[in-house]
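Inspection log for the structure reproduced underneath, given as structure tokens.
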Amino acid sequence: MKKISVIPGDGIGPEVIKAAVKVLDKACPKEFEFVYVSMGGNAIDKFGVPLPDESLKTCKESDATLLGAVGGAKWDSQPPENRPEKGLLKLRSGLEVFANIRPAKIFAPLASACPLRKDIAEKGIDFVIVRELTGGIYFGKHEFLDNNNSARDVMQYSRDEIKRIALVAFNAAMSRRKILTSVDKANVLSTSRLWREVINDVAKDFLEVKINHLYVDNASMQLIKAPSDFDVIVTENMFGDILSDEASQIVGSIGMIPSASLGENNRGLYEPIHGSAPDIAGQDKANPIGTILAAAMMLRYSFKMHSEADKIENSVNQVLNEGFRTPDIYTEGTKLISGSKMRDEIISRL
Ligand code: IPM
Ligand code: MG
């Protein structure tokens with residue numbers, strides 16, 4: 001049996017994780033052993049730290065990790081080193097998952113949830129953001145100076161860090177429409193100038209891929225203006241964080257988007273891109289689809305179980321086609337249901 005570390009986390013995390021685990025049990029019976037791991041605010045409450053050593057160890061020893069979401073206002077007063085988010089960052093770097101894949105695709109039945117002009121949405125929106133996940137400003141030194149009168153965060157990238165994420169992105173482009181957009185701020189930042197240089201170097205080995213460079217401000221505009229032009233986007237950690245939230249709105253709801261974080265081996269980390277949404281936790285309103293699709297990505301990337309992943313994605317499509325909607329994707333004329341009902345509808349079509 002393959003061992004999956006499961007991190008329910010905080011807020012709506014446990015609800016959406018429960019849905020994904022049930023889906024996996026139905027789609028791939030007896031395939032997985034689930035080991036529950038503590039991380040985030042609940043780990044601070046129980047153990048005093050957001051990522052206990054034991055939790056990281058369990059994740060490192062398992063075949064893949066599935067995560068709900070962490071954080072919440074309750075832990076806002078924690079010192080920066082001990083915030084729930086810090087646990088997530090430590091997990092990402094501890095597992096060495098430097099490549100974060102965030103697909104943004106309009107599900108046909110949700111076309112009306114796209115807030116863009118109809119003629120723009122109708123051209124089809126299907127792109128993937130490849131976000132560098134274990135470097136850059138997230139992992140540079142963060143400090144307050146001059147008696148708290150100034151502060152700084154260091155953004156640093158090495159050639160090797162850029163090269164390995166570039167390879168993931170070029171390979172992703174090769175398996176798709178072969179268009180790669182690299183997003184940086186090379187008109188201002190040194191890290192971006194190095195980024196561009198390395199991307200252009202790697203491009204020499206992928207002559208079939210058409211490569212564009214965009215400044216991040218322009219990229220955020222083009223994503224709204226002409227989203228169908230994009231196929232694969234590769235960018236550094238913080239730009240990727242921002243652009244992927246923008247992408248989530250283009251395709252309808254942040255509740256719909258899964259992500260896979262991968263390293264040199266198959267031991268990936270899979271999570272929805274949404275947060276812990278404490279405002280709706282425990283009310284059975286959370287859309288479990290992002291996490292269910294993250295589980296499907298796990299089947300694909302870590303276990304090459306493509307037909308089971310197809311089955312899950314098809315059930316999601318079918319349920320949406322039949323008009324079932326959680327509150328975040330509800331529009332007039334569709335059927336409003338709870339998060340657990342959405343989960344059960346998806347399971348019953350597997
Ligand atoms: C994300 C989240 C995290 C990030 C936070 C919770 C630290 O926004 O996964 O996009 O910034 O990476
Ligand atoms: Mg984010």
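As shown in the structure tokens, the chain order sets the letters A, B, ...; within each chain, residues go from 1, and ligands are also counted from 1 in the order they appear.
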Contacts of ligand 2, 9 Å or closer, only C-alpha atoms and all ligand atoms, given as a ChimeraX atom specification: /A:238,240-245,273-275
Residues within 12 Å of Leu189 of chain A, only C-alpha atoms, excluding chain neighbours under 4 positions, as a count of residues only: 14
Exercise: Gly124 of chain A partners within 10 Å, only C-alpha atoms, chain neighbours under 6 positions left out, as a list in words: Lys105, Ile106, Phe107, Ala108, Ala111, Pro227, Ser228 and Asp229 of chain A
Please produce a file of those selected residues containing N, CA, C and O atoms, as a PDB file, in the first residue's frame.
```pdb
ATOM      1  N   LYS A 105      -8.077  26.571 -15.618  1.00  0.00           N
ATOM      2  CA  LYS A 105      -8.823  26.114 -16.777  1.00  0.00           C
ATOM      3  C   LYS A 105     -10.301  26.364 -16.510  1.00  0.00           C
ATOM      4  O   LYS A 105     -10.773  26.092 -15.408  1.00  0.00           O
ATOM      5  N   ILE A 106     -10.987  26.873 -17.503  1.00  0.00           N
ATOM      6  CA  ILE A 106     -12.430  27.058 -17.339  1.00  0.00           C
ATOM      7  C   ILE A 106     -13.122  25.722 -17.555  1.00  0.00           C
ATOM      8  O   ILE A 106     -12.949  25.091 -18.597  1.00  0.00           O
ATOM      9  N   PHE A 107     -13.830  25.261 -16.553  1.00  0.00           N
ATOM     10  CA  PHE A 107     -14.685  24.094 -16.743  1.00  0.00           C
ATOM     11  C   PHE A 107     -15.865  24.578 -17.569  1.00  0.00           C
ATOM     12  O   PHE A 107     -16.529  25.544 -17.176  1.00  0.00           O
ATOM     13  N   ALA A 108     -16.141  23.913 -18.675  1.00  0.00           N
ATOM     14  CA  ALA A 108     -17.190  24.394 -19.572  1.00  0.00           C
ATOM     15  C   ALA A 108     -18.483  24.773 -18.831  1.00  0.00           C
ATOM     16  O   ALA A 108     -19.035  25.851 -19.077  1.00  0.00           O
ATOM     17  N   ALA A 111     -18.549  28.347 -17.378  1.00  0.00           N
ATOM     18  CA  ALA A 111     -18.150  29.478 -18.229  1.00  0.00           C
ATOM     19  C   ALA A 111     -18.801  30.777 -17.767  1.00  0.00           C
ATOM     20  O   ALA A 111     -18.184  31.843 -17.805  1.00  0.00           O
ATOM     21  N   PRO A 227      -6.489  36.136 -21.867  1.00  0.00           N
ATOM     22  CA  PRO A 227      -6.047  34.940 -21.135  1.00  0.00           C
ATOM     23  C   PRO A 227      -5.832  33.729 -22.035  1.00  0.00           C
ATOM     24  O   PRO A 227      -5.022  32.857 -21.716  1.00  0.00           O
ATOM     25  N   SER A 228      -6.546  33.691 -23.173  1.00  0.00           N
ATOM     26  CA  SER A 228      -6.414  32.507 -24.041  1.00  0.00           C
ATOM     27  C   SER A 228      -5.050  32.454 -24.730  1.00  0.00           C
ATOM     28  O   SER A 228      -4.673  31.422 -25.282  1.00  0.00           O
ATOM     29  N   ASP A 229      -4.294  33.563 -24.712  1.00  0.00           N
ATOM     30  CA  ASP A 229      -2.951  33.558 -25.301  1.00  0.00           C
ATOM     31  C   ASP A 229      -1.956  32.739 -24.474  1.00  0.00           C
ATOM     32  O   ASP A 229      -0.893  32.386 -24.956  1.00  0.00           O
TER      33      ASP A 229
END
```
Could you write out, as a PDB file with N, CA and C atoms, in the first residue's frame, all the residues of segment 84-223 of chain A that DSSP marks as strand (DSSP E or B)?
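So the final result, stored in part_0.pdb, reads:
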```pdb
ATOM      1  N   ALA A  99       8.870  23.080  -7.415  1.00  0.00           N
ATOM      2  CA  ALA A  99       8.045  23.408  -8.586  1.00  0.00           C
ATOM      3  C   ALA A  99       6.566  23.282  -8.247  1.00  0.00           C
ATOM      4  N   ASN A 100       5.875  24.406  -8.276  1.00  0.00           N
ATOM      5  CA  ASN A 100       4.457  24.416  -7.936  1.00  0.00           C
ATOM      6  C   ASN A 100       3.639  24.614  -9.217  1.00  0.00           C
ATOM      7  N   ILE A 101       2.820  23.608  -9.519  1.00  0.00           N
ATOM      8  CA  ILE A 101       2.041  23.611 -10.755  1.00  0.00           C
ATOM      9  C   ILE A 101       0.604  24.007 -10.418  1.00  0.00           C
ATOM     10  N   ARG A 102       0.133  25.105 -10.978  1.00  0.00           N
ATOM     11  CA  ARG A 102      -1.231  25.567 -10.690  1.00  0.00           C
ATOM     12  C   ARG A 102      -2.014  25.747 -11.988  1.00  0.00           C
ATOM     13  N   PRO A 103      -2.825  24.767 -12.338  1.00  0.00           N
ATOM     14  CA  PRO A 103      -3.589  24.866 -13.583  1.00  0.00           C
ATOM     15  C   PRO A 103      -4.743  25.859 -13.455  1.00  0.00           C
ATOM     16  N   ALA A 104      -5.001  26.603 -14.489  1.00  0.00           N
ATOM     17  CA  ALA A 104      -6.161  27.501 -14.513  1.00  0.00           C
ATOM     18  C   ALA A 104      -6.924  27.203 -15.794  1.00  0.00           C
ATOM     19  N   LYS A 105      -8.077  26.571 -15.618  1.00  0.00           N
ATOM     20  CA  LYS A 105      -8.823  26.114 -16.777  1.00  0.00           C
ATOM     21  C   LYS A 105     -10.301  26.364 -16.510  1.00  0.00           C
ATOM     22  N   ASP A 126      -7.135  28.097 -20.700  1.00  0.00           N
ATOM     23  CA  ASP A 126      -6.524  26.859 -20.233  1.00  0.00           C
ATOM     24  C   ASP A 126      -5.015  27.079 -20.180  1.00  0.00           C
ATOM     25  N   PHE A 127      -4.547  27.513 -19.017  1.00  0.00           N
ATOM     26  CA  PHE A 127      -3.110  27.698 -18.874  1.00  0.00           C
ATOM     27  C   PHE A 127      -2.645  27.139 -17.534  1.00  0.00           C
ATOM     28  N   VAL A 128      -1.325  27.049 -17.387  1.00  0.00           N
ATOM     29  CA  VAL A 128      -0.750  26.489 -16.164  1.00  0.00           C
ATOM     30  C   VAL A 128       0.311  27.458 -15.656  1.00  0.00           C
ATOM     31  N   ILE A 129       0.255  27.755 -14.376  1.00  0.00           N
ATOM     32  CA  ILE A 129       1.325  28.561 -13.786  1.00  0.00           C
ATOM     33  C   ILE A 129       2.323  27.623 -13.126  1.00  0.00           C
ATOM     34  N   VAL A 130       3.588  27.748 -13.518  1.00  0.00           N
ATOM     35  CA  VAL A 130       4.664  26.991 -12.865  1.00  0.00           C
ATOM     36  C   VAL A 130       5.404  27.990 -11.974  1.00  0.00           C
ATOM     37  N   ARG A 131       5.141  27.869 -10.694  1.00  0.00           N
ATOM     38  CA  ARG A 131       5.668  28.832  -9.716  1.00  0.00           C
ATOM     39  C   ARG A 131       6.866  28.251  -8.975  1.00  0.00           C
ATOM     40  N   GLU A 132       7.976  28.987  -8.942  1.00  0.00           N
ATOM     41  CA  GLU A 132       9.127  28.562  -8.125  1.00  0.00           C
ATOM     42  C   GLU A 132       8.674  28.643  -6.673  1.00  0.00           C
ATOM     43  N   HIS A 142      14.340  37.849   6.590  1.00  0.00           N
ATOM     44  CA  HIS A 142      13.308  38.848   6.872  1.00  0.00           C
ATOM     45  C   HIS A 142      13.695  39.526   8.173  1.00  0.00           C
ATOM     46  N   GLU A 143      13.848  40.844   8.161  1.00  0.00           N
ATOM     47  CA  GLU A 143      14.265  41.457   9.433  1.00  0.00           C
ATOM     48  C   GLU A 143      13.817  42.896   9.602  1.00  0.00           C
ATOM     49  N   PHE A 144      13.678  43.251  10.868  1.00  0.00           N
ATOM     50  CA  PHE A 144      13.437  44.642  11.252  1.00  0.00           C
ATOM     51  C   PHE A 144      14.767  45.235  11.703  1.00  0.00           C
ATOM     52  N   LEU A 145      15.007  46.505  11.345  1.00  0.00           N
ATOM     53  CA  LEU A 145      16.278  47.157  11.678  1.00  0.00           C
ATOM     54  C   LEU A 145      15.987  48.506  12.333  1.00  0.00           C
ATOM     55  N   SER A 150      12.866  50.455  10.320  1.00  0.00           N
ATOM     56  CA  SER A 150      12.900  49.991   8.932  1.00  0.00           C
ATOM     57  C   SER A 150      12.890  48.466   8.930  1.00  0.00           C
ATOM     58  N   ALA A 151      12.657  47.930   7.752  1.00  0.00           N
ATOM     59  CA  ALA A 151      12.579  46.468   7.634  1.00  0.00           C
ATOM     60  C   ALA A 151      13.062  46.077   6.263  1.00  0.00           C
ATOM     61  N   ARG A 152      13.526  44.841   6.122  1.00  0.00           N
ATOM     62  CA  ARG A 152      13.875  44.379   4.781  1.00  0.00           C
ATOM     63  C   ARG A 152      13.662  42.876   4.635  1.00  0.00           C
ATOM     64  N   ASP A 153      13.431  42.484   3.379  1.00  0.00           N
ATOM     65  CA  ASP A 153      13.271  41.081   3.017  1.00  0.00           C
ATOM     66  C   ASP A 153      14.190  40.847   1.824  1.00  0.00           C
ATOM     67  N   ILE A 179       3.898  26.957 -25.771  1.00  0.00           N
ATOM     68  CA  ILE A 179       4.094  28.405 -25.622  1.00  0.00           C
ATOM     69  C   ILE A 179       4.453  28.660 -24.155  1.00  0.00           C
ATOM     70  N   LEU A 180       5.610  29.256 -23.930  1.00  0.00           N
ATOM     71  CA  LEU A 180       6.032  29.510 -22.550  1.00  0.00           C
ATOM     72  C   LEU A 180       6.209  31.013 -22.333  1.00  0.00           C
ATOM     73  N   THR A 181       5.537  31.529 -21.311  1.00  0.00           N
ATOM     74  CA  THR A 181       5.712  32.928 -20.941  1.00  0.00           C
ATOM     75  C   THR A 181       6.476  32.989 -19.630  1.00  0.00           C
ATOM     76  N   SER A 182       7.629  33.637 -19.652  1.00  0.00           N
ATOM     77  CA  SER A 182       8.390  33.798 -18.420  1.00  0.00           C
ATOM     78  C   SER A 182       8.103  35.192 -17.877  1.00  0.00           C
ATOM     79  N   VAL A 183       7.707  35.250 -16.611  1.00  0.00           N
ATOM     80  CA  VAL A 183       7.295  36.523 -16.011  1.00  0.00           C
ATOM     81  C   VAL A 183       8.349  36.985 -15.011  1.00  0.00           C
ATOM     82  N   ASP A 184       8.791  38.225 -15.165  1.00  0.00           N
ATOM     83  CA  ASP A 184       9.815  38.760 -14.251  1.00  0.00           C
ATOM     84  C   ASP A 184       9.641  40.269 -14.114  1.00  0.00           C
ATOM     85  N   LYS A 210       7.873  28.192 -28.090  1.00  0.00           N
ATOM     86  CA  LYS A 210       7.909  29.639 -28.353  1.00  0.00           C
ATOM     87  C   LYS A 210       7.967  30.345 -26.991  1.00  0.00           C
ATOM     88  N   ILE A 211       9.018  31.143 -26.798  1.00  0.00           N
ATOM     89  CA  ILE A 211       9.184  31.757 -25.485  1.00  0.00           C
ATOM     90  C   ILE A 211       8.962  33.270 -25.534  1.00  0.00           C
ATOM     91  N   ASN A 212       8.172  33.762 -24.581  1.00  0.00           N
ATOM     92  CA  ASN A 212       7.945  35.208 -24.417  1.00  0.00           C
ATOM     93  C   ASN A 212       8.400  35.614 -23.037  1.00  0.00           C
ATOM     94  N   HIS A 213       8.916  36.818 -22.905  1.00  0.00           N
ATOM     95  CA  HIS A 213       9.213  37.363 -21.579  1.00  0.00           C
ATOM     96  C   HIS A 213       8.263  38.529 -21.328  1.00  0.00           C
ATOM     97  N   LEU A 214       7.620  38.531 -20.173  1.00  0.00           N
ATOM     98  CA  LEU A 214       6.747  39.661 -19.820  1.00  0.00           C
ATOM     99  C   LEU A 214       7.136  40.182 -18.446  1.00  0.00           C
ATOM    100  N   TYR A 215       7.066  41.496 -18.281  1.00  0.00           N
ATOM    101  CA  TYR A 215       7.193  42.061 -16.930  1.00  0.00           C
ATOM    102  C   TYR A 215       5.913  41.718 -16.166  1.00  0.00           C
TER     103      TYR A 215
END
```
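The interatomic distance for the pair atom CA of Cys59 of chain A and atom CA of Val23 of chain A works out to 20.7 Å.
Here atom 10 (O, counted along the ligand's line) of ligand 1 stands at a distance of 16.1 Å from atom CA of Val251 of chain A.
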Spatial neighbours of Glu197 of chain A, max dist 12 Å, only C-alpha atoms, sep filter under 5 positions, as a ChimeraX atom specification: /A:158-159,162-163,166,182,184,186,190-192,202-204,213
Could you take the residues named above and write them with N, CA, C and O atoms, as a PDB file, in the first residue's frame?
```pdb
ATOM      1  N   SER A 158      19.659  31.605  -7.232  1.00  0.00           N
ATOM      2  CA  SER A 158      20.890  31.124  -7.865  1.00  0.00           C
ATOM      3  C   SER A 158      20.542  30.623  -9.263  1.00  0.00           C
ATOM      4  O   SER A 158      19.377  30.300  -9.551  1.00  0.00           O
ATOM      5  N   ARG A 159      21.559  30.550 -10.117  1.00  0.00           N
ATOM      6  CA  ARG A 159      21.359  29.997 -11.454  1.00  0.00           C
ATOM      7  C   ARG A 159      20.719  28.600 -11.396  1.00  0.00           C
ATOM      8  O   ARG A 159      19.819  28.277 -12.163  1.00  0.00           O
ATOM      9  N   ILE A 162      17.036  28.614 -10.704  1.00  0.00           N
ATOM     10  CA  ILE A 162      16.235  29.063 -11.855  1.00  0.00           C
ATOM     11  C   ILE A 162      16.212  27.983 -12.936  1.00  0.00           C
ATOM     12  O   ILE A 162      15.178  27.689 -13.530  1.00  0.00           O
ATOM     13  N   LYS A 163      17.369  27.350 -13.120  1.00  0.00           N
ATOM     14  CA  LYS A 163      17.462  26.342 -14.182  1.00  0.00           C
ATOM     15  C   LYS A 163      16.501  25.163 -13.933  1.00  0.00           C
ATOM     16  O   LYS A 163      15.807  24.700 -14.841  1.00  0.00           O
ATOM     17  N   ALA A 166      13.031  26.184 -14.641  1.00  0.00           N
ATOM     18  CA  ALA A 166      12.887  26.402 -16.092  1.00  0.00           C
ATOM     19  C   ALA A 166      12.674  25.061 -16.797  1.00  0.00           C
ATOM     20  O   ALA A 166      11.817  24.935 -17.679  1.00  0.00           O
ATOM     21  N   SER A 182       7.629  33.637 -19.652  1.00  0.00           N
ATOM     22  CA  SER A 182       8.390  33.798 -18.420  1.00  0.00           C
ATOM     23  C   SER A 182       8.103  35.192 -17.877  1.00  0.00           C
ATOM     24  O   SER A 182       8.198  36.183 -18.597  1.00  0.00           O
ATOM     25  N   ASP A 184       8.791  38.225 -15.165  1.00  0.00           N
ATOM     26  CA  ASP A 184       9.815  38.760 -14.251  1.00  0.00           C
ATOM     27  C   ASP A 184       9.641  40.269 -14.114  1.00  0.00           C
ATOM     28  O   ASP A 184       8.636  40.837 -14.545  1.00  0.00           O
ATOM     29  N   ALA A 186      12.488  42.395 -14.956  1.00  0.00           N
ATOM     30  CA  ALA A 186      13.895  42.573 -15.331  1.00  0.00           C
ATOM     31  C   ALA A 186      14.255  44.026 -15.596  1.00  0.00           C
ATOM     32  O   ALA A 186      15.429  44.364 -15.726  1.00  0.00           O
ATOM     33  N   SER A 190      17.614  42.677 -10.095  1.00  0.00           N
ATOM     34  CA  SER A 190      18.756  41.845 -10.516  1.00  0.00           C
ATOM     35  C   SER A 190      18.358  40.380 -10.612  1.00  0.00           C
ATOM     36  O   SER A 190      18.760  39.675 -11.542  1.00  0.00           O
ATOM     37  N   THR A 191      17.580  39.921  -9.624  1.00  0.00           N
ATOM     38  CA  THR A 191      17.162  38.512  -9.664  1.00  0.00           C
ATOM     39  C   THR A 191      16.416  38.229 -10.971  1.00  0.00           C
ATOM     40  O   THR A 191      16.533  37.154 -11.537  1.00  0.00           O
ATOM     41  N   SER A 192      15.648  39.210 -11.447  1.00  0.00           N
ATOM     42  CA  SER A 192      14.893  39.016 -12.683  1.00  0.00           C
ATOM     43  C   SER A 192      15.805  39.004 -13.901  1.00  0.00           C
ATOM     44  O   SER A 192      15.541  38.294 -14.876  1.00  0.00           O
ATOM     45  N   VAL A 202      18.266  27.967 -21.154  1.00  0.00           N
ATOM     46  CA  VAL A 202      17.558  26.681 -21.194  1.00  0.00           C
ATOM     47  C   VAL A 202      16.748  26.572 -22.485  1.00  0.00           C
ATOM     48  O   VAL A 202      16.618  25.494 -23.065  1.00  0.00           O
ATOM     49  N   ALA A 203      16.258  27.698 -22.980  1.00  0.00           N
ATOM     50  CA  ALA A 203      15.430  27.701 -24.201  1.00  0.00           C
ATOM     51  C   ALA A 203      16.175  27.087 -25.389  1.00  0.00           C
ATOM     52  O   ALA A 203      15.555  26.520 -26.293  1.00  0.00           O
ATOM     53  N   LYS A 204      17.513  27.192 -25.376  1.00  0.00           N
ATOM     54  CA  LYS A 204      18.304  26.652 -26.499  1.00  0.00           C
ATOM     55  C   LYS A 204      18.115  25.140 -26.663  1.00  0.00           C
ATOM     56  O   LYS A 204      18.328  24.599 -27.741  1.00  0.00           O
ATOM     57  N   HIS A 213       8.916  36.818 -22.905  1.00  0.00           N
ATOM     58  CA  HIS A 213       9.213  37.363 -21.579  1.00  0.00           C
ATOM     59  C   HIS A 213       8.263  38.529 -21.328  1.00  0.00           C
ATOM     60  O   HIS A 213       8.117  39.396 -22.179  1.00  0.00           O
TER      61      HIS A 213
END
```
Between atom CA of Gly41 of chain A and atom CA of Glu54 of chain A, distance in Å (one decimal): 15.9 Å
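If you measure from each of A:Asn82, A:Leu110, A:Trp75, A:Leu293 to Asp310 of chain A using only C-alpha atoms, the closest one turns out to be A:Leu293.
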Within 8 Å of Gly255 of chain A using only C-alpha atoms, minus same-chain residues under 2 positions, as a PyMOL selection string: chain A and resi 253+257+272-274+286-290+328
Per-residue DSSP, segment 7-130 of chain A, filtered to helix (DSSP H, G or I), as a PyMOL selection string: chain A and resi 13-27+41-47+53-61+73-75+80-82+84-94+108-113+118-121
Segment 315-321 of chain A environment, 7 Å, only C-alpha atoms, sequence neighbours closer than 2 positions dropped, as a list in words: Pro109, Lys311, Ile312, Glu313, Gly323, Phe324, Arg325, Glu345, Ile346, Arg349 and Leu350 of chain A
Please dump the current selection as an mmCIF file, in the first residue's frame; keep all heavy atoms.
```cif
data_model
loop_
_atom_site.group_PDB
_atom_site.id
_atom_site.type_symbol
_atom_site.label_atom_id
_atom_site.label_comp_id
_atom_site.auth_asym_id
_atom_site.auth_seq_id
_atom_site.Cartn_x
_atom_site.Cartn_y
_atom_site.Cartn_z
ATOM 1 N N PRO A 109 -18.977 23.932 -17.893
ATOM 2 C CA PRO A 109 -20.235 24.303 -17.246
ATOM 3 C C PRO A 109 -20.136 25.566 -16.389
ATOM 4 O O PRO A 109 -21.157 26.129 -16.000
ATOM 5 C CB PRO A 109 -20.553 23.099 -16.336
ATOM 6 C CG PRO A 109 -19.549 22.052 -16.625
ATOM 7 C CD PRO A 109 -18.461 22.629 -17.455
ATOM 8 N N LYS A 311 -11.071 9.543 -14.022
ATOM 9 C CA LYS A 311 -12.393 9.220 -13.459
ATOM 10 C C LYS A 311 -12.856 10.322 -12.501
ATOM 11 O O LYS A 311 -14.006 10.752 -12.535
ATOM 12 C CB LYS A 311 -12.315 7.883 -12.695
ATOM 13 C CG LYS A 311 -13.107 6.816 -13.350
ATOM 14 C CD LYS A 311 -13.205 5.464 -12.674
ATOM 15 C CE LYS A 311 -12.719 5.227 -11.291
ATOM 16 N NZ LYS A 311 -12.645 3.827 -10.893
ATOM 17 N N ILE A 312 -11.952 10.751 -11.646
ATOM 18 C CA ILE A 312 -12.295 11.794 -10.664
ATOM 19 C C ILE A 312 -12.637 13.099 -11.381
ATOM 20 O O ILE A 312 -13.661 13.734 -11.100
ATOM 21 C CB ILE A 312 -11.135 11.999 -9.658
ATOM 22 C CG1 ILE A 312 -10.952 10.740 -8.810
ATOM 23 C CG2 ILE A 312 -11.404 13.219 -8.771
ATOM 24 C CD1 ILE A 312 -9.758 10.782 -7.867
ATOM 25 N N GLU A 313 -11.801 13.477 -12.344
ATOM 26 C CA GLU A 313 -12.056 14.742 -13.050
ATOM 27 C C GLU A 313 -13.367 14.681 -13.844
ATOM 28 O O GLU A 313 -14.103 15.666 -13.901
ATOM 29 C CB GLU A 313 -10.869 15.072 -13.975
ATOM 30 C CG GLU A 313 -9.647 15.493 -13.159
ATOM 31 C CD GLU A 313 -8.333 15.500 -13.946
ATOM 32 O OE1 GLU A 313 -8.360 15.241 -15.165
ATOM 33 O OE2 GLU A 313 -7.298 15.747 -13.326
ATOM 34 N N GLY A 323 -25.473 20.868 -12.950
ATOM 35 C CA GLY A 323 -25.934 22.121 -12.339
ATOM 36 C C GLY A 323 -25.717 22.246 -10.844
ATOM 37 O O GLY A 323 -26.175 23.216 -10.233
ATOM 38 N N PHE A 324 -25.039 21.289 -10.216
ATOM 39 C CA PHE A 324 -24.805 21.392 -8.772
ATOM 40 C C PHE A 324 -23.721 22.426 -8.490
ATOM 41 O O PHE A 324 -22.672 22.438 -9.164
ATOM 42 C CB PHE A 324 -24.401 20.039 -8.190
ATOM 43 C CG PHE A 324 -25.502 19.022 -8.249
ATOM 44 C CD1 PHE A 324 -25.498 18.019 -9.218
ATOM 45 C CD2 PHE A 324 -26.560 19.092 -7.351
ATOM 46 C CE1 PHE A 324 -26.522 17.096 -9.287
ATOM 47 C CE2 PHE A 324 -27.601 18.168 -7.417
ATOM 48 C CZ PHE A 324 -27.583 17.160 -8.387
ATOM 49 N N ARG A 325 -23.948 23.290 -7.491
ATOM 50 C CA ARG A 325 -22.998 24.357 -7.181
ATOM 51 C C ARG A 325 -22.896 24.582 -5.668
ATOM 52 O O ARG A 325 -23.925 24.694 -5.001
ATOM 53 C CB ARG A 325 -23.449 25.698 -7.792
ATOM 54 C CG ARG A 325 -23.619 25.717 -9.297
ATOM 55 C CD ARG A 325 -22.279 25.749 -10.029
ATOM 56 N NE ARG A 325 -22.466 25.953 -11.454
ATOM 57 C CZ ARG A 325 -22.633 24.959 -12.332
ATOM 58 N NH1 ARG A 325 -22.652 23.707 -11.936
ATOM 59 N NH2 ARG A 325 -22.792 25.235 -13.610
ATOM 60 N N GLU A 345 -22.106 13.879 -4.181
ATOM 61 C CA GLU A 345 -22.520 13.806 -5.592
ATOM 62 C C GLU A 345 -21.345 13.335 -6.457
ATOM 63 O O GLU A 345 -21.504 12.516 -7.358
ATOM 64 C CB GLU A 345 -23.013 15.169 -6.093
ATOM 65 C CG GLU A 345 -24.334 15.647 -5.474
ATOM 66 C CD GLU A 345 -25.531 14.769 -5.841
ATOM 67 O OE1 GLU A 345 -25.460 14.016 -6.829
ATOM 68 O OE2 GLU A 345 -26.546 14.805 -5.107
ATOM 69 N N ILE A 346 -20.165 13.877 -6.165
ATOM 70 C CA ILE A 346 -18.977 13.485 -6.951
ATOM 71 C C ILE A 346 -18.672 12.002 -6.725
ATOM 72 O O ILE A 346 -18.452 11.235 -7.679
ATOM 73 C CB ILE A 346 -17.762 14.379 -6.589
ATOM 74 C CG1 ILE A 346 -18.007 15.818 -7.071
ATOM 75 C CG2 ILE A 346 -16.462 13.815 -7.194
ATOM 76 C CD1 ILE A 346 -17.029 16.853 -6.533
ATOM 77 N N ARG A 349 -20.824 9.420 -8.533
ATOM 78 C CA ARG A 349 -20.630 9.267 -9.994
ATOM 79 C C ARG A 349 -19.312 8.580 -10.342
ATOM 80 O O ARG A 349 -18.987 8.435 -11.513
ATOM 81 C CB ARG A 349 -20.722 10.639 -10.666
ATOM 82 C CG ARG A 349 -22.167 11.091 -10.824
ATOM 83 C CD ARG A 349 -22.263 12.580 -11.046
ATOM 84 N NE ARG A 349 -23.659 13.015 -10.976
ATOM 85 C CZ ARG A 349 -24.352 13.170 -9.855
ATOM 86 N NH1 ARG A 349 -23.796 12.903 -8.688
ATOM 87 N NH2 ARG A 349 -25.603 13.566 -9.888
ATOM 88 N N LEU A 350 -18.578 8.181 -9.323
ATOM 89 C CA LEU A 350 -17.265 7.542 -9.608
ATOM 90 C C LEU A 350 -17.447 6.108 -10.073
ATOM 91 O O LEU A 350 -18.258 5.379 -9.518
ATOM 92 C CB LEU A 350 -16.399 7.562 -8.350
ATOM 93 C CG LEU A 350 -15.663 8.885 -8.083
ATOM 94 C CD1 LEU A 350 -15.097 8.908 -6.677
ATOM 95 C CD2 LEU A 350 -14.560 9.109 -9.095
#
```
Residue contacts of Gly72 of chain A (9 Å, only C-alpha atoms) excluding same-chain residues fewer than 4 positions away, as a PyMOL selection string: chain A and resi 10-11+41+76+84+275-278
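Distance check against ligand 1 using only C-alpha atoms and all ligand atoms: of A:Lys90, A:Arg177, A:Lys60, A:Lys304, the minimum falls on A:Lys90.
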Nearest-residue call for ligand 1, choices A:Glu161, A:Glu15, A:Glu271, A:Asp217, using only C-alpha atoms and all ligand atoms: A:Glu271
